[in-house]
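Enquirer: My questions will all concern the structure given below.
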There are 2 protein chains.
Amino acid sequence: MTASGALAINRTNLHTAVTTRLRDLIVEGLIPPGARLNERVLCEQLQVSRTPLREALKVLAAEGLAELLPNRGAVVTPISIAEIDHVFEVLGPLEGLSGELACTRIANEQFAEIRALHFEMLLHYNRADRGEYFRCNQAIHHGINRAAGNPVLQASYGALNARVRRARYFANLTQERWDKAIVEHGQILEALERRDGARLRRILEIHLKNKRDVVIMAIEARLRANDNEGAALAFAPCD
Amino acid sequence: MTASGALAINRTNLHTAVTTRLRDLIVEGLIPPGARLNERVLCEQLQVSRTPLREALKVLAAEGLAELLPNRGAVVTPISIAEIDHVFEVLGPLEGLSGELACTRIANEQFAEIRALHFEMLLHYNRADRGEYFRCNQAIHHGINRAAGNPVLQASYGALNARVRRARYFANLTQERWDKAIVEHGQILEALERRDGARLRRILEIHLKNKRDVVIMAIEARLRANDNEGAALAFAPCD
DNA sequence: GATTTGCATTTTGCATGCAATATGGCCGCG
DNA sequence: CGCGGCCATATTGCATGCAAAATGCAAATC
């Protein structure tokens with residue numbers, strides 16, 4: 001047995017670290033959609049040489065977070081309504097599958113963790129702490145996904161989710177929508193507790209559909225603002 | 001309009017070409033599951049330097065076709081029942097979604113293409129030409145997928161499909177299963193012609209489930225054979 | 001005899017240099 | 001004044017060199 005025990009130190013490769021770091025920067029919106037990814041500049045900022053950086057860029061391109069323009073460098077994939085819509089369309093069945101499988105495979109211990117996250121989320125909701133709310137929210141969905149016990153599903157879902165998470169950083173949740181999301185999350189927890197896979201699937205798909213509508217509307221609003229002010233930035237009007 | 005018309009010459013990057021070539025070699029089984037991907041050897045065979053090769057390996061790893069062992073090189077992802085099962089589990093809803101969307105979005109012209117492929121496939125079936133049959137089969141599924149008009153779906157489906165296609169090269173289709181597959185394909189064409197999305201979804205999901213069973217059984221048989229002969233090769237018994 | 005330690009070889013990881021390509025501004029020309 | 005070609009610069013694409021890590025083998029130790 002190779003015993004990948006708890007005490008093993010994990011020195012990670014530089015290219016892996018760079019990929020992770022860049023992915024975070026893009027997903028969190030710190031490098032905005034459409035921004036150029038100049039190799040020299042990034043090398044200086046991340047204090048690495050071009051080789052691991054270039055390897056990271058190739059991976060991010062494969063994940064759909066960056067686009068490689070031959071001989072002209074890379075850019076963060078611009079956000080467009082069409083692209084986000086397409087991602088949500090695929091995300092739907094994956095989220096549904098995730099819920100259905102979780103109901104058949106989740107361990108009591110895992111459920112307890114998700115329940116704890118749920119009530120922590122309620123706390124942040126009552127305090128109107130959006131940042132912490134989002135964190136718990138993501139953690140819950142991630143937990144359900146993990147409980148589905150399918151690493152391929154987890155990876156696929158995670159990659160697609162990263163692509164839309166970028167867009168959420170300017171989707172300003174209305175109070176009305178927030179209230180509704182909380183109700184939906186109550187139903188999610190209830191269905192999961194009963195291990196009612198069919199029901200959890202339905203709720204999750206509706207929940208995602210609502211999230212989609214909010215995000216799409218936010219992007220539309222942003223696009224209109226860009227049009228009016230001419231302060232075009234990082235947004236692809238179509239395609 | 002940037003007119004990515006038919007006349008544009010596409011000089012592709014070396015790393016892109018290498019990625020494509022290696023991916024094909026792995027998917028077609030010419031580099032078998034579990035095989036080591038030695039950089040120096042591959043460089044000589046493909047006549048490229050290590051830089052583009054390494055970039056390709058990173059991408060293939062992100063796609064799940066290769067595994068990177070830190071400081072110990074890369075191997076073609078071994079085939080295991082668990083992994084294939086997981087991939088099929090995710091592929092199901094994607095295939096279903098693909099059919100449903102295709103029914104709402106397919107153009108008559110695209111349908112005609114798929115119908116032509118269908119009858120060409122019947123021809124190869126009658127001649128018992130497995131190779132050509134598989135080619136048409138893949139082309140039909142790819143066509144439906146394309147007709148769904150969602151590039152994100154197409155990419156996700158394509159990546160997962162590549163992972164299981166490797167396993168099909170030793171799944172020896174029985175005549176019985178082949179006959180049944182042909183019947184199912186008739187139903188697929190019929191549902192698509194009627195633009196009956198719900199029905200096409202159901203048929204495609206059943207079709208995929210049957211395919212899964214064949215592939216899993218083939219892998220099990222292969223694993224048993226390996227166990228008996230001790231001629232262990234490229235297969236992970238579990239995990 | 002089994003296990004471990006040390007060394008030589010192989011292989012990966014990363015940095016850098018050079019050639020090829022794109023970009024932007026300038027000048028000449030119409 | 002507008003337009004197209006040309007050169008300087010910046011940037012990417014690829015090849016290669018060097019250091020670090022892993023592997024295999026042999027010798028030494030218990």
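Residues are referred to by chain and number: the chain letter is A, B, ... according to the order shown in the structure tokens, the number counts from 1 in that chain, and ligands are numbered separately from 1 in the order shown.
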Select all residues from chain A having any atom no more than 9 Å from an atom of chain B (counting only C-alpha atoms, ignoring ligands), output as JSON, numbers by chain.

Expert: {"A": [12, 13, 51, 54, 55, 56, 58, 59, 60, 61, 62, 63, 64, 70, 71, 83, 86, 87, 89, 90, 93, 94, 97, 149, 150, 151, 152, 153, 156, 160]}

Enquirer: Restricting it to N, CA and C atoms, dump the selection as a PDB file, in the first residue's frame.

Expert:
ATOM      1  N   THR A  12       3.818  21.056  -4.826  1.00  0.00           N
ATOM      2  CA  THR A  12       3.146  21.021  -6.121  1.00  0.00           C
ATOM      3  C   THR A  12       4.037  21.616  -7.200  1.00  0.00           C
ATOM      4  N   ASN A  13       3.783  21.206  -8.406  1.00  0.00           N
ATOM      5  CA  ASN A  13       4.503  21.751  -9.550  1.00  0.00           C
ATOM      6  C   ASN A  13       4.209  23.229  -9.704  1.00  0.00           C
ATOM      7  N   THR A  51       7.766  29.378 -19.301  1.00  0.00           N
ATOM      8  CA  THR A  51       7.383  27.991 -19.570  1.00  0.00           C
ATOM      9  C   THR A  51       6.176  27.534 -18.745  1.00  0.00           C
ATOM     10  N   ARG A  54       3.008  29.512 -19.749  1.00  0.00           N
ATOM     11  CA  ARG A  54       2.405  29.114 -21.025  1.00  0.00           C
ATOM     12  C   ARG A  54       1.632  27.806 -20.873  1.00  0.00           C
ATOM     13  N   GLU A  55       2.175  26.882 -20.110  1.00  0.00           N
ATOM     14  CA  GLU A  55       1.470  25.615 -19.886  1.00  0.00           C
ATOM     15  C   GLU A  55       0.139  25.871 -19.195  1.00  0.00           C
ATOM     16  N   ALA A  56       0.149  26.790 -18.243  1.00  0.00           N
ATOM     17  CA  ALA A  56      -1.095  27.130 -17.548  1.00  0.00           C
ATOM     18  C   ALA A  56      -2.118  27.732 -18.508  1.00  0.00           C
ATOM     19  N   LYS A  58      -2.498  27.233 -21.646  1.00  0.00           N
ATOM     20  CA  LYS A  58      -3.073  26.193 -22.498  1.00  0.00           C
ATOM     21  C   LYS A  58      -4.180  25.451 -21.770  1.00  0.00           C
ATOM     22  N   VAL A  59      -3.953  25.166 -20.503  1.00  0.00           N
ATOM     23  CA  VAL A  59      -4.957  24.445 -19.716  1.00  0.00           C
ATOM     24  C   VAL A  59      -6.205  25.303 -19.530  1.00  0.00           C
ATOM     25  N   LEU A  60      -6.004  26.575 -19.182  1.00  0.00           N
ATOM     26  CA  LEU A  60      -7.147  27.464 -18.979  1.00  0.00           C
ATOM     27  C   LEU A  60      -7.944  27.625 -20.271  1.00  0.00           C
ATOM     28  N   ALA A  61      -7.240  27.608 -21.393  1.00  0.00           N
ATOM     29  CA  ALA A  61      -7.940  27.688 -22.676  1.00  0.00           C
ATOM     30  C   ALA A  61      -8.795  26.444 -22.871  1.00  0.00           C
ATOM     31  N   ALA A  62      -8.245  25.293 -22.507  1.00  0.00           N
ATOM     32  CA  ALA A  62      -9.001  24.042 -22.636  1.00  0.00           C
ATOM     33  C   ALA A  62     -10.234  24.063 -21.737  1.00  0.00           C
ATOM     34  N   GLU A  63     -10.140  24.762 -20.617  1.00  0.00           N
ATOM     35  CA  GLU A  63     -11.270  24.850 -19.691  1.00  0.00           C
ATOM     36  C   GLU A  63     -12.286  25.903 -20.114  1.00  0.00           C
ATOM     37  N   GLY A  64     -11.934  26.693 -21.127  1.00  0.00           N
ATOM     38  CA  GLY A  64     -12.869  27.707 -21.606  1.00  0.00           C
ATOM     39  C   GLY A  64     -12.767  29.035 -20.881  1.00  0.00           C
ATOM     40  N   PRO A  70      -3.810  32.892 -32.068  1.00  0.00           N
ATOM     41  CA  PRO A  70      -2.517  32.438 -32.592  1.00  0.00           C
ATOM     42  C   PRO A  70      -1.570  33.601 -32.876  1.00  0.00           C
ATOM     43  N   ASN A  71      -0.399  33.530 -32.329  1.00  0.00           N
ATOM     44  CA  ASN A  71       0.636  34.550 -32.499  1.00  0.00           C
ATOM     45  C   ASN A  71       0.251  35.919 -31.924  1.00  0.00           C
ATOM     46  N   GLU A  83     -22.833  32.854 -24.638  1.00  0.00           N
ATOM     47  CA  GLU A  83     -21.952  31.872 -24.013  1.00  0.00           C
ATOM     48  C   GLU A  83     -22.494  31.459 -22.644  1.00  0.00           C
ATOM     49  N   HIS A  86     -25.408  29.209 -22.973  1.00  0.00           N
ATOM     50  CA  HIS A  86     -25.002  27.856 -23.340  1.00  0.00           C
ATOM     51  C   HIS A  86     -24.468  27.085 -22.144  1.00  0.00           C
ATOM     52  N   VAL A  87     -23.676  27.760 -21.335  1.00  0.00           N
ATOM     53  CA  VAL A  87     -23.108  27.080 -20.171  1.00  0.00           C
ATOM     54  C   VAL A  87     -24.233  26.660 -19.225  1.00  0.00           C
ATOM     55  N   GLU A  89     -27.253  26.024 -19.934  1.00  0.00           N
ATOM     56  CA  GLU A  89     -28.039  24.966 -20.557  1.00  0.00           C
ATOM     57  C   GLU A  89     -27.436  23.587 -20.257  1.00  0.00           C
ATOM     58  N   VAL A  90     -26.107  23.523 -20.245  1.00  0.00           N
ATOM     59  CA  VAL A  90     -25.438  22.253 -19.956  1.00  0.00           C
ATOM     60  C   VAL A  90     -25.413  22.003 -18.456  1.00  0.00           C
ATOM     61  N   PRO A  93     -28.762  19.933 -16.509  1.00  0.00           N
ATOM     62  CA  PRO A  93     -28.827  18.495 -16.315  1.00  0.00           C
ATOM     63  C   PRO A  93     -27.762  17.977 -15.363  1.00  0.00           C
ATOM     64  N   LEU A  94     -26.601  18.627 -15.344  1.00  0.00           N
ATOM     65  CA  LEU A  94     -25.542  18.168 -14.448  1.00  0.00           C
ATOM     66  C   LEU A  94     -25.913  18.445 -12.996  1.00  0.00           C
ATOM     67  N   LEU A  97     -28.607  15.890 -12.163  1.00  0.00           N
ATOM     68  CA  LEU A  97     -28.010  14.572 -11.938  1.00  0.00           C
ATOM     69  C   LEU A  97     -27.319  14.525 -10.595  1.00  0.00           C
ATOM     70  N   GLY A 149     -20.776  11.451  -5.523  1.00  0.00           N
ATOM     71  CA  GLY A 149     -19.817  10.363  -5.627  1.00  0.00           C
ATOM     72  C   GLY A 149     -19.361  10.039  -7.032  1.00  0.00           C
ATOM     73  N   ASN A 150     -19.299  11.039  -7.873  1.00  0.00           N
ATOM     74  CA  ASN A 150     -18.837  10.809  -9.247  1.00  0.00           C
ATOM     75  C   ASN A 150     -17.805  11.883  -9.596  1.00  0.00           C
ATOM     76  N   PRO A 151     -16.531  11.529  -9.538  1.00  0.00           N
ATOM     77  CA  PRO A 151     -15.490  12.523  -9.775  1.00  0.00           C
ATOM     78  C   PRO A 151     -15.556  13.161 -11.159  1.00  0.00           C
ATOM     79  N   VAL A 152     -16.028  12.404 -12.142  1.00  0.00           N
ATOM     80  CA  VAL A 152     -16.142  12.972 -13.489  1.00  0.00           C
ATOM     81  C   VAL A 152     -17.213  14.056 -13.498  1.00  0.00           C
ATOM     82  N   LEU A 153     -18.324  13.774 -12.854  1.00  0.00           N
ATOM     83  CA  LEU A 153     -19.383  14.772 -12.735  1.00  0.00           C
ATOM     84  C   LEU A 153     -18.867  15.998 -12.003  1.00  0.00           C
ATOM     85  N   SER A 156     -16.596  18.051 -14.303  1.00  0.00           N
ATOM     86  CA  SER A 156     -17.328  18.714 -15.380  1.00  0.00           C
ATOM     87  C   SER A 156     -18.145  19.870 -14.815  1.00  0.00           C
ATOM     88  N   LEU A 160     -17.601  24.026 -15.585  1.00  0.00           N
ATOM     89  CA  LEU A 160     -18.654  24.875 -16.141  1.00  0.00           C
ATOM     90  C   LEU A 160     -19.078  25.933 -15.134  1.00  0.00           C
TER      91      LEU A 160
END

Enquirer: How would you write, as a PyMOL selection string, the set of residues in region 71-239 of chain B that DSSP gives as strand (DSSP E or B)?

Expert: chain B and resi 73-76+79+235

Enquirer: Running DSSP on the backbone, which parts of region 22-231 of chain A land in helix (DSSP H, G or I), as a tab-separated table (two decimals) with C-alpha atoms, in the first residue's frame?

Expert:
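Below you can see out17.tsv, which holds the result:
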chain	number	residue	atom	x	y	z
A	22	LEU	CA	-4.63	32.29	-12.67
A	23	ARG	CA	-7.91	30.37	-12.63
A	24	ASP	CA	-8.82	31.95	-9.31
A	25	LEU	CA	-7.91	35.42	-10.55
A	26	ILE	CA	-10.13	34.96	-13.59
A	27	VAL	CA	-13.05	33.35	-11.76
A	39	GLU	CA	3.10	36.63	-20.97
A	40	ARG	CA	5.85	38.99	-19.90
A	41	VAL	CA	3.58	40.99	-17.61
A	42	LEU	CA	2.12	37.90	-15.96
A	43	CYS	CA	5.58	36.42	-15.53
A	44	GLU	CA	6.67	39.49	-13.60
A	45	GLN	CA	3.53	39.57	-11.49
A	46	LEU	CA	3.59	35.87	-10.62
A	50	ARG	CA	7.35	31.78	-19.31
A	51	THR	CA	7.38	27.99	-19.57
A	52	PRO	CA	5.06	27.13	-16.66
A	53	LEU	CA	2.95	30.19	-17.45
A	54	ARG	CA	2.40	29.11	-21.03
A	55	GLU	CA	1.47	25.62	-19.89
A	56	ALA	CA	-1.10	27.13	-17.55
A	57	LEU	CA	-2.57	29.26	-20.33
A	58	LYS	CA	-3.07	26.19	-22.50
A	59	VAL	CA	-4.96	24.44	-19.72
A	60	LEU	CA	-7.15	27.46	-18.98
A	61	ALA	CA	-7.94	27.69	-22.68
A	62	ALA	CA	-9.00	24.04	-22.64
A	63	GLU	CA	-11.27	24.85	-19.69
A	81	ILE	CA	-25.06	36.35	-23.16
A	82	ALA	CA	-24.90	33.54	-25.69
A	83	GLU	CA	-21.95	31.87	-24.01
A	84	ILE	CA	-23.37	32.13	-20.49
A	85	ASP	CA	-26.70	30.86	-21.77
A	86	HIS	CA	-25.00	27.86	-23.34
A	87	VAL	CA	-23.11	27.08	-20.17
A	88	PHE	CA	-26.28	27.21	-18.08
A	89	GLU	CA	-28.04	24.97	-20.56
A	90	VAL	CA	-25.44	22.25	-19.96
A	91	LEU	CA	-25.15	22.97	-16.25
A	92	GLY	CA	-28.86	22.24	-15.74
A	93	PRO	CA	-28.83	18.50	-16.31
A	94	LEU	CA	-25.54	18.17	-14.45
A	95	GLU	CA	-26.92	19.94	-11.41
A	96	GLY	CA	-30.02	17.76	-11.62
A	97	LEU	CA	-28.01	14.57	-11.94
A	98	SER	CA	-25.88	15.70	-9.06
A	99	GLY	CA	-28.91	16.06	-6.78
A	100	GLU	CA	-30.42	12.78	-7.84
A	101	LEU	CA	-27.22	10.84	-7.24
A	102	ALA	CA	-26.53	12.61	-3.97
A	103	CYS	CA	-29.88	11.37	-2.64
A	104	THR	CA	-28.89	7.79	-3.27
A	105	ARG	CA	-25.26	8.03	-2.18
A	108	ASN	CA	-25.36	10.93	7.02
A	109	GLU	CA	-22.18	12.68	8.00
A	110	GLN	CA	-22.02	14.51	4.68
A	111	PHE	CA	-25.64	15.52	5.02
A	112	ALA	CA	-24.95	16.95	8.46
A	113	GLU	CA	-22.16	19.07	6.99
A	114	ILE	CA	-24.46	20.46	4.33
A	115	ARG	CA	-27.17	21.15	6.90
A	116	ALA	CA	-24.66	23.07	9.00
A	117	LEU	CA	-23.65	25.11	5.96
A	118	HIS	CA	-27.31	25.77	5.25
A	119	PHE	CA	-27.96	27.28	8.65
A	120	GLU	CA	-24.74	29.24	8.56
A	121	MET	CA	-25.94	30.62	5.24
A	122	LEU	CA	-29.26	31.64	6.83
A	123	LEU	CA	-27.28	33.53	9.42
A	124	HIS	CA	-25.42	35.53	6.78
A	125	TYR	CA	-28.70	36.10	4.97
A	126	ASN	CA	-30.21	37.64	8.08
A	130	ARG	CA	-23.59	38.90	0.66
A	131	GLY	CA	-19.97	37.78	0.56
A	132	GLU	CA	-20.32	35.14	3.22
A	133	TYR	CA	-23.71	34.14	1.84
A	134	PHE	CA	-22.19	33.39	-1.55
A	135	ARG	CA	-19.40	31.44	0.05
A	136	CYS	CA	-21.83	29.18	1.92
A	137	ASN	CA	-24.04	28.92	-1.13
A	138	GLN	CA	-21.18	27.69	-3.29
A	139	ALA	CA	-20.07	25.33	-0.54
A	140	ILE	CA	-23.53	23.77	-0.34
A	141	HIS	CA	-23.75	23.17	-4.06
A	142	HIS	CA	-20.21	21.86	-4.06
A	143	GLY	CA	-21.09	19.56	-1.17
A	144	ILE	CA	-24.10	18.10	-2.97
A	145	ASN	CA	-21.94	17.63	-6.00
A	146	ARG	CA	-19.29	15.84	-4.02
A	147	ALA	CA	-21.90	13.68	-2.31
A	151	PRO	CA	-15.49	12.52	-9.77
A	152	VAL	CA	-16.14	12.97	-13.49
A	153	LEU	CA	-19.38	14.77	-12.73
A	154	GLN	CA	-17.63	16.85	-10.12
A	155	ALA	CA	-14.93	17.93	-12.54
A	156	SER	CA	-17.33	18.71	-15.38
A	157	TYR	CA	-19.67	20.62	-13.12
A	158	GLY	CA	-16.80	22.47	-11.51
A	159	ALA	CA	-15.34	23.59	-14.82
A	160	LEU	CA	-18.65	24.88	-16.14
A	161	ASN	CA	-19.54	26.47	-12.84
A	162	ALA	CA	-16.26	28.40	-12.92
A	163	ARG	CA	-17.24	29.89	-16.25
A	164	VAL	CA	-20.48	31.35	-14.93
A	165	ARG	CA	-19.16	32.31	-11.50
A	166	ARG	CA	-17.19	35.05	-13.20
A	167	ALA	CA	-20.45	36.59	-14.33
A	168	ARG	CA	-21.95	36.55	-10.87
A	175	GLN	CA	-33.80	41.41	-2.08
A	176	GLU	CA	-36.79	39.76	-3.73
A	177	ARG	CA	-34.66	37.23	-5.56
A	178	TRP	CA	-32.58	36.66	-2.46
A	179	ASP	CA	-35.67	35.87	-0.40
A	180	LYS	CA	-36.81	33.44	-3.03
A	181	ALA	CA	-33.41	31.77	-3.23
A	182	ILE	CA	-33.56	31.18	0.52
A	183	VAL	CA	-36.95	29.49	0.19
A	184	GLU	CA	-35.57	27.29	-2.59
A	185	HIS	CA	-32.60	26.35	-0.44
A	186	GLY	CA	-34.99	25.29	2.29
A	187	GLN	CA	-36.66	22.96	-0.18
A	188	ILE	CA	-33.28	21.67	-1.33
A	189	LEU	CA	-32.29	20.73	2.20
A	190	GLU	CA	-35.67	19.12	2.82
A	191	ALA	CA	-35.57	16.99	-0.32
A	192	LEU	CA	-32.00	15.96	0.42
A	193	GLU	CA	-32.92	14.99	3.97
A	197	GLY	CA	-33.94	12.32	-5.67
A	198	ALA	CA	-36.65	13.15	-8.19
A	199	ARG	CA	-37.78	16.12	-6.16
A	200	LEU	CA	-34.29	17.40	-5.47
A	201	ARG	CA	-33.55	17.23	-9.18
A	202	ARG	CA	-36.60	19.34	-9.98
A	203	ILE	CA	-35.85	21.93	-7.33
A	204	LEU	CA	-32.19	22.24	-8.26
A	205	GLU	CA	-33.07	22.69	-11.92
A	206	ILE	CA	-35.59	25.42	-11.10
A	207	HIS	CA	-33.11	27.02	-8.72
A	208	LEU	CA	-30.46	27.08	-11.44
A	209	LYS	CA	-32.93	28.41	-13.99
A	210	ASN	CA	-33.72	31.32	-11.67
A	211	LYS	CA	-30.05	31.98	-11.12
A	212	ARG	CA	-29.57	31.98	-14.87
A	213	ASP	CA	-32.27	34.60	-15.32
A	214	VAL	CA	-30.65	36.87	-12.74
A	215	VAL	CA	-27.21	36.53	-14.30
A	216	ILE	CA	-28.46	37.07	-17.84
A	217	MET	CA	-30.39	40.17	-16.80
A	218	ALA	CA	-27.33	41.53	-15.04
A	219	ILE	CA	-25.23	41.04	-18.14
A	220	GLU	CA	-27.86	42.72	-20.28
A	221	ALA	CA	-27.92	45.67	-17.92
A	222	ARG	CA	-24.15	45.87	-18.00
A	223	LEU	CA	-24.10	45.75	-21.77
A	224	ARG	CA	-26.62	48.57	-21.99
A	225	ALA	CA	-24.55	50.66	-19.58
A	226	ASN	CA	-21.47	50.03	-21.70
A	227	ASP	CA	-23.32	51.08	-24.83
A	228	ASN	CA	-24.48	54.33	-23.30
A	229	GLU	CA	-21.25	55.39	-21.70

Enquirer: Taking into account only C-alpha atoms (C1' of nucleotides), which residue in the set A:Ala148, A:Leu69, A:Val75, A:Ala107 is nearest to chain D?

Expert: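 Using only C-alpha atoms (C1' of nucleotides), chain D sits closest to A:Leu69.
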
Enquirer: Counting only C-alpha atoms (C1' of nucleotides), give me one row per residue of chain D with an atom at most 9 Å from an atom of chain B, showing the shortest contact pair and its distance in Å to one decimal, sorted by chain then residue number, as a Markdown table.

Expert:
| residue | atom | partner | partner_atom | distance |
| --- | --- | --- | --- | --- |
| D:DG13 | C1' | B:Asn13 | CA | 8.0 |
| D:DC14 | C1' | B:Thr51 | CA | 6.9 |
| D:DA15 | C1' | B:Ser49 | CA | 6.3 |
| D:DT16 | C1' | B:Ser49 | CA | 8.8 |
| D:DA21 | C1' | B:Asn71 | CA | 6.5 |
| D:DA22 | C1' | B:Arg72 | CA | 6.8 |

Enquirer: For chain C against chain B, with a cut-off of 9 Å and counting only C-alpha atoms (C1' of nucleotides), what is the closest atom pair and its distance in Å to one decimal for every residue that makes the cut, ordered by chain and number, as a Markdown table?

Expert:
| residue | atom | partner | partner_atom | distance |
| --- | --- | --- | --- | --- |
| C:DT11 | C1' | B:Arg72 | CA | 7.4 |
| C:DT12 | C1' | B:Asn71 | CA | 5.2 |
| C:DG13 | C1' | B:Asn71 | CA | 7.5 |

Enquirer: If you count only C-alpha atoms (C1' of nucleotides), which residues fall within 12 Å of DA27 (chain D), apart from same-chain ones fewer than 3 positions away, as a ChimeraX atom specification?

Expert: /C:4-7

Enquirer: Next, the residues of the selection above should be written as a CSV table (one decimal), in the first residue's frame with N, CA and C atoms (P, O5', C5', C4', C3', O3' and C1' of nucleotides).

Expert:
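Output contents, as saved in selection.csv:
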chain,number,residue,atom,x,y,z
C,4,DT,P,14.8,-1.7,5.0
C,4,DT,O5',16.1,-0.8,4.9
C,4,DT,C5',17.1,-0.9,5.9
C,4,DT,C4',18.5,-0.4,5.4
C,4,DT,C3',18.4,1.1,4.8
C,4,DT,O3',19.4,1.8,5.4
C,4,DT,C1',19.5,-0.4,3.3
C,5,DT,P,19.3,3.4,5.5
C,5,DT,O5',20.7,3.9,4.8
C,5,DT,C5',21.9,3.2,5.0
C,5,DT,C4',22.8,3.4,3.9
C,5,DT,C3',22.8,4.8,3.3
C,5,DT,O3',24.1,5.3,3.2
C,5,DT,C1',22.7,3.2,1.6
C,6,DG,P,24.4,6.9,2.9
C,6,DG,O5',25.2,6.8,1.5
C,6,DG,C5',26.2,5.9,1.3
C,6,DG,C4',26.5,5.8,-0.1
C,6,DG,C3',26.5,7.1,-0.9
C,6,DG,O3',27.7,7.1,-1.7
C,6,DG,C1',25.0,5.5,-2.0
C,7,DC,P,28.1,8.4,-2.5
C,7,DC,O5',28.0,7.9,-4.0
C,7,DC,C5',28.6,6.7,-4.4
C,7,DC,C4',28.2,6.3,-5.7
C,7,DC,C3',28.2,7.4,-6.8
C,7,DC,O3',28.8,6.9,-8.0
C,7,DC,C1',26.1,6.4,-6.7

Enquirer: Which distance in Å separates CA of Val76 (chain B) and C1' of DG17 (chain D), to one decimal?

Expert: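 Between CA of Val76 (chain B) and C1' of DG17 (chain D) the gap works out to 28.3 Å.
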